[in-house]
Amino acid sequence: MNDQERKSLIKKASWAGIAGNGILAVLKIGFGTLGGSAALVGAGIDTATDIVTSMITLVTANIADKPPDQEHPYGHGRAETIAAKLLSFIIITAGIQLLISSVSSLIRGEEKLLPALYAVYITIAAILAKVFLFLFKIRIGRRVESQMVIADAMNMKADIVLSTSVLIGLLLTLIADLPVIDTIMAVGVGLWILKNGISLFMDSNDELMEGPGDPRLYKRVFEILKDVKGITNPHRVRIRKINNMYVVDLDIEVNGRLSVREGHALAVKAEEALRANIENLYDVLVHVEPGGNYEGDECYGLTEESLD
């Protein structure tokens with residue numbers, strides 16, 4: 001898949017999110033307010049944040065696919081990770097605001113009317129719509145390998161659980177004739193939104209902090225290099241993820257009597273082996289050392305032994 005096709009699919013997912021969530025937010029907040037359901041209004045606020053997340057995804061898609069320049073020699077792919085971090089702050093803020101308002105309402109003991117029956121119908125429609133949006137976005141996110149789109153899709157999945165809990169709360173409120181149940185459900189909705197925001201915040205940390213990511217990828221690197229004749233002891237391996245691409249840095253050892261040209265040829269063989277067996281490699285940097293070389297200050301990067 002080329003960059004243009006990837007960008008087009010991300011935009012498609014973003015516009016679907018903006019349109020779908022826009023309609024749902026208006027319905028939830030509007031009918032939740034008219035029908036007297038704090039939980040439905042809270043779900044509408046959460047859906048409104050989804051509009052913002054889709055808009056951020058849309059704008060970020062244009063930034064992330066820009067080619068490298070002097071200011072950003074690795075390209076602009078990290079814009080997606082930064083966007084995911086920004087989305088987490090928006091979601092956390094919405095959750096805190098809903099939590100504060102709902103808890104305050106419980107503490108003050110405000111009298112509330114029973115929610116209208118049509119609030120139940122709106123919630124059922126919202127659940128069905130969110131199922132469609134989740135399936136649509138997760139399919140595109142996995143296809144283009146975008147952490148940002150997958151995070152947005154998982155947010156849709158969380159909304160399905162959220163709307164289902166609102167539906168259960170509305171039904172219990174109407175059956176038990178206790179309006180306070182709806183307010184309690186609104187508190188639960190606020191906590192759920194807050195949890196999702198914190199989870200998204202933590203998930204984006206790994207890429208921003210150059211974390212080790214999937215250890216299976218490191219193991220794959222060592223397995224591939226074992227079959228490259230002439231090199232030994234691959235070590236100080238570091239893998240960073242930029243958008244959906246990987247940059248691999250590593251050291252290898254070769255016969256110290258080889259010429260610079262011969263050592264370089266072995267480094268090229270190592271790079272070619274990695275590119276032939278690992279998808280989405282943006283760049284491979286191979287540092288050549290003479291066999292048996294030891295440097296005491298090499299305290300970063302991973303070795304095969306460190307994975308065990």
# chains A, B, ... in the order shown; residues from 1 in each chain; ligands from 1
>>> residues_around(residues="Gly141 (chain A)", least_positions_apart="3", cutoff="10 Å", atoms="only C-alpha atoms", output="ChimeraX atom specification")
/A:6,9-10,13,135-138,144-153
>>> residues_around(residues="Asn277 (chain A)", least_positions_apart="3", cutoff="10 Å", atoms="only C-alpha atoms", output="PDB file with N, CA and C atoms, in the first residue's frame")
ATOM      1  N   ARG A 220      12.956 -11.591  16.202  1.00  0.00           N
ATOM      2  CA  ARG A 220      12.986 -11.830  14.768  1.00  0.00           C
ATOM      3  C   ARG A 220      14.273 -11.284  14.152  1.00  0.00           C
ATOM      4  N   VAL A 221      14.708 -10.120  14.619  1.00  0.00           N
ATOM      5  CA  VAL A 221      15.954  -9.529  14.113  1.00  0.00           C
ATOM      6  C   VAL A 221      17.131 -10.460  14.362  1.00  0.00           C
ATOM      7  N   ILE A 224      17.028 -13.623  12.111  1.00  0.00           N
ATOM      8  CA  ILE A 224      17.386 -13.340  10.714  1.00  0.00           C
ATOM      9  C   ILE A 224      18.896 -13.203  10.557  1.00  0.00           C
ATOM     10  N   GLU A 272      20.047  -6.027   4.014  1.00  0.00           N
ATOM     11  CA  GLU A 272      19.201  -6.649   2.992  1.00  0.00           C
ATOM     12  C   GLU A 272      18.416  -7.822   3.566  1.00  0.00           C
ATOM     13  N   ALA A 273      19.038  -8.597   4.451  1.00  0.00           N
ATOM     14  CA  ALA A 273      18.352  -9.733   5.074  1.00  0.00           C
ATOM     15  C   ALA A 273      17.182  -9.249   5.931  1.00  0.00           C
ATOM     16  N   LEU A 274      17.396  -8.167   6.670  1.00  0.00           N
ATOM     17  CA  LEU A 274      16.333  -7.625   7.510  1.00  0.00           C
ATOM     18  C   LEU A 274      15.193  -7.074   6.656  1.00  0.00           C
ATOM     19  N   ASN A 280       7.661  -3.121   6.559  1.00  0.00           N
ATOM     20  CA  ASN A 280       7.583  -1.743   7.056  1.00  0.00           C
ATOM     21  C   ASN A 280       8.873  -1.260   7.721  1.00  0.00           C
ATOM     22  N   LEU A 281      10.008  -1.578   7.114  1.00  0.00           N
ATOM     23  CA  LEU A 281      11.276  -1.032   7.604  1.00  0.00           C
ATOM     24  C   LEU A 281      11.543   0.301   6.913  1.00  0.00           C
TER      25      LEU A 281
END
>>> residues_around(residues="region 33-39 of chain A", least_positions_apart="5", cutoff="7 Å", atoms="only C-alpha atoms", output="ChimeraX atom specification")
/A:113-116,119,166,182-183,185-186,189
>>> residues_around(residues="Leu302 (chain A)", least_positions_apart="6", cutoff="8 Å", atoms="only C-alpha atoms", output="compact mmCIF listing (two decimals) with N, CA and C atoms, in the first residue's frame")
# COMPACT_ATOMS: atom_id res chain seq x y z
N HIS A 235 24.35 -6.93 18.43
CA HIS A 235 24.05 -6.43 19.77
C HIS A 235 23.71 -4.94 19.68
N ARG A 236 23.44 -4.37 20.82
CA ARG A 236 23.04 -2.96 20.92
C ARG A 236 21.92 -2.66 19.92
N VAL A 237 20.95 -3.56 19.85
CA VAL A 237 19.85 -3.41 18.90
C VAL A 237 18.80 -2.46 19.49
N ARG A 238 18.40 -1.50 18.69
CA ARG A 238 17.36 -0.55 19.10
C ARG A 238 16.36 -0.43 17.96
>>> select_by_dssp(residues="region 95-274 of chain A", states="strand (DSSP E)", output="MDAnalysis selection string")
chainID A and resid 232:242 245:254
